[in-house]
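K.L.:
My structure is stored as final.cif, with mmCIF, C-alpha atoms.
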```cif
data_start
loop_
_atom_site.group_PDB
_atom_site.id
_atom_site.type_symbol
_atom_site.label_atom_id
_atom_site.label_comp_id
_atom_site.auth_asym_id
_atom_site.auth_seq_id
_atom_site.Cartn_x
_atom_site.Cartn_y
_atom_site.Cartn_z
ATOM 1 C CA MET A 1 -92.657 -101.146 -154.886
ATOM 2 C CA SER A 2 -90.629 -101.901 -151.781
ATOM 3 C CA LYS A 3 -91.822 -100.151 -148.682
ATOM 4 C CA VAL A 4 -89.462 -99.656 -145.743
ATOM 5 C CA THR A 5 -91.185 -100.559 -142.474
ATOM 6 C CA VAL A 6 -90.559 -99.917 -138.797
ATOM 7 C CA ASP A 7 -89.707 -103.630 -138.508
ATOM 8 C CA ASP A 8 -87.038 -103.256 -141.223
ATOM 9 C CA LEU A 9 -85.445 -100.387 -139.311
ATOM 10 C CA ARG A 10 -85.669 -102.161 -135.947
ATOM 11 C CA GLY A 11 -84.043 -105.205 -137.562
ATOM 12 C CA LEU A 12 -81.204 -102.978 -138.735
ATOM 13 C CA LEU A 13 -80.773 -101.383 -135.310
ATOM 14 C CA GLU A 14 -80.842 -104.755 -133.530
ATOM 15 C CA SER A 15 -78.709 -106.693 -136.020
ATOM 16 C CA PRO A 16 -75.833 -108.685 -134.507
ATOM 17 C CA LEU A 17 -73.698 -107.834 -137.550
ATOM 18 C CA PRO A 18 -70.785 -105.478 -136.825
ATOM 19 C CA ASP A 19 -71.577 -102.984 -139.617
ATOM 20 C CA PRO A 20 -75.044 -103.772 -141.010
ATOM 21 C CA VAL A 21 -76.807 -102.055 -143.884
ATOM 22 C CA LEU A 22 -80.401 -102.293 -145.076
ATOM 23 C CA VAL A 23 -80.324 -103.165 -148.775
ATOM 24 C CA LEU A 24 -82.867 -103.581 -151.536
ATOM 25 C CA THR A 25 -82.250 -106.658 -153.652
ATOM 26 C CA ALA A 26 -84.639 -108.393 -156.037
ATOM 27 C CA GLY A 27 -87.468 -106.201 -154.744
ATOM 28 C CA ARG A 28 -86.937 -107.219 -151.126
ATOM 29 C CA LEU A 29 -85.401 -105.416 -148.189
ATOM 30 C CA ARG A 30 -82.901 -107.203 -145.980
ATOM 31 C CA VAL A 31 -80.063 -106.531 -143.575
ATOM 32 C CA GLU A 32 -76.580 -107.514 -144.744
ATOM 33 C CA PRO A 33 -73.006 -106.839 -143.699
ATOM 34 C CA ALA A 34 -71.744 -103.620 -145.290
ATOM 35 C CA ASP A 35 -69.101 -105.539 -147.231
ATOM 36 C CA ALA A 36 -71.477 -108.214 -148.615
ATOM 37 C CA GLU A 37 -71.635 -106.670 -152.112
ATOM 38 C CA THR A 38 -74.635 -108.759 -153.154
ATOM 39 C CA ALA A 39 -75.141 -108.562 -156.917
ATOM 40 C CA GLY A 40 -77.886 -106.102 -157.812
ATOM 41 C CA ALA A 41 -78.312 -104.875 -154.239
ATOM 42 C CA SER A 42 -78.596 -101.183 -153.534
ATOM 43 C CA ASP A 43 -77.986 -99.681 -150.114
ATOM 44 C CA VAL A 44 -80.973 -98.065 -148.417
ATOM 45 C CA ILE A 45 -79.390 -97.000 -145.097
ATOM 46 C CA THR A 46 -76.613 -98.111 -142.774
ATOM 47 C CA ARG A 47 -77.102 -98.576 -139.057
ATOM 48 C CA ALA A 48 -74.688 -95.705 -138.430
ATOM 49 C CA ASP A 49 -76.723 -93.390 -140.681
ATOM 50 C CA LEU A 50 -79.973 -94.490 -139.035
ATOM 51 C CA ARG A 51 -78.540 -93.785 -135.576
ATOM 52 C CA ALA A 52 -77.379 -90.368 -136.822
ATOM 53 C CA ARG A 53 -80.921 -89.579 -138.009
ATOM 54 C CA LEU A 54 -82.229 -90.537 -134.586
ATOM 55 C CA ASP A 55 -79.724 -88.043 -133.129
ATOM 56 C CA GLY A 56 -79.171 -90.037 -129.946
ATOM 57 C CA GLU A 57 -82.894 -90.278 -129.242
ATOM 58 C CA GLU A 58 -84.728 -93.502 -128.466
ATOM 59 C CA ALA A 59 -86.032 -95.213 -131.597
ATOM 60 C CA THR A 60 -89.787 -94.709 -131.097
ATOM 61 C CA ASP A 61 -92.250 -96.210 -133.573
ATOM 62 C CA HIS A 62 -93.289 -92.699 -134.586
ATOM 63 C CA GLU A 63 -89.734 -91.594 -135.334
ATOM 64 C CA LEU A 64 -89.004 -94.825 -137.206
ATOM 65 C CA GLU A 65 -92.236 -94.433 -139.223
ATOM 66 C CA LEU A 66 -91.107 -90.984 -140.364
ATOM 67 C CA ILE A 67 -87.668 -92.261 -141.362
ATOM 68 C CA ALA A 68 -89.191 -95.303 -143.095
ATOM 69 C CA ALA A 69 -91.493 -93.038 -145.136
ATOM 70 C CA THR A 70 -88.548 -90.887 -146.198
ATOM 71 C CA LEU A 71 -86.526 -93.943 -147.229
ATOM 72 C CA THR A 72 -89.488 -95.427 -149.124
ATOM 73 C CA THR A 73 -89.856 -92.154 -151.049
ATOM 74 C CA ALA A 74 -86.142 -92.259 -151.910
ATOM 75 C CA ILE A 75 -86.481 -95.829 -153.206
ATOM 76 C CA VAL A 76 -89.459 -94.871 -155.380
ATOM 77 C CA GLN A 77 -87.660 -91.821 -156.764
ATOM 78 C CA ARG A 78 -84.697 -93.911 -157.872
ATOM 79 C CA GLY A 79 -86.958 -96.509 -159.433
ATOM 80 C CA GLY A 80 -86.810 -99.251 -156.792
#
```
Could you take the file, read its structure, and then write that structure out as structure tokens?
P.N.:
Amino acid sequence: MSKVTVDDLRGLLESPLPDPVLVLTAGRLRVEPADAETAGASDVITRADLRARLDGEEATDHELELIAATLTTAIVQRGG
């Protein structure tokens, strides 16, 4: 099972890529450009969607932990 971590989400927020997305590929999470289209990769969350979930608030560890848990549950439910 792939578990989304606070570090994964911080990496997405801090990525130098213009339009990054956190993807699950081969059982691993990584940040890629939105247009990468890596074979077998499934999108977990885009930076824009993550910022929207934060609703303009600072990305505290607590808030990121809650979002990470929600995303991990979504991955498990779709068989990732």
K.L.:
Pick out the residues sitting within 10 Å of region 60-63 of chain A, and hand them over as an mmCIF file with C-alpha atoms, keeping the file's coordinate frame; count all atoms listed in the file, and ignore anything fewer than 6 positions along from it in its own chain.
P.N.:
```
data_model
loop_
_atom_site.group_PDB
_atom_site.id
_atom_site.type_symbol
_atom_site.label_atom_id
_atom_site.label_comp_id
_atom_site.auth_asym_id
_atom_site.auth_seq_id
_atom_site.Cartn_x
_atom_site.Cartn_y
_atom_site.Cartn_z
ATOM 1 C CA THR A 5 -91.185 -100.559 -142.474
ATOM 2 C CA VAL A 6 -90.559 -99.917 -138.797
ATOM 3 C CA ASP A 7 -89.707 -103.630 -138.508
ATOM 4 C CA LEU A 9 -85.445 -100.387 -139.311
ATOM 5 C CA ARG A 10 -85.669 -102.161 -135.947
ATOM 6 C CA ARG A 53 -80.921 -89.579 -138.009
ATOM 7 C CA LEU A 54 -82.229 -90.537 -134.586
#
```
K.L.:
Applying the PyMOL selection byres ((chain A and resi 29) around 10) to the file I just gave you, which residues come out? Please list them as an MDAnalysis selection string.
P.N.:
chainID A and resid 2:5 8 22:28 30:32 41:44
K.L.:
Apply the PyMOL selection byres ((chain A and resi 49) around 12) to the structure shown and report the selected residues as a VMD selection string.
P.N.:
chain A and resid 9 12 to 13 19 to 22 43 to 48 50 to 56 67 71
K.L.:
Enter the distance from CA of Leu64 (chain A) to CA of Ser15 (chain A), in Å, rounded to one decimal.
P.N.:
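Pair CA of Leu64 (chain A) / CA of Ser15 (chain A) returns 15.8 Å.
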K.L.:
Can you tell me how far CA of Ala59 (chain A) sits from CA of Gly79 (chain A), in Å to one decimal?
P.N.:
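We find that CA of Ala59 (chain A) and CA of Gly79 (chain A) lie 27.9 Å from each other.
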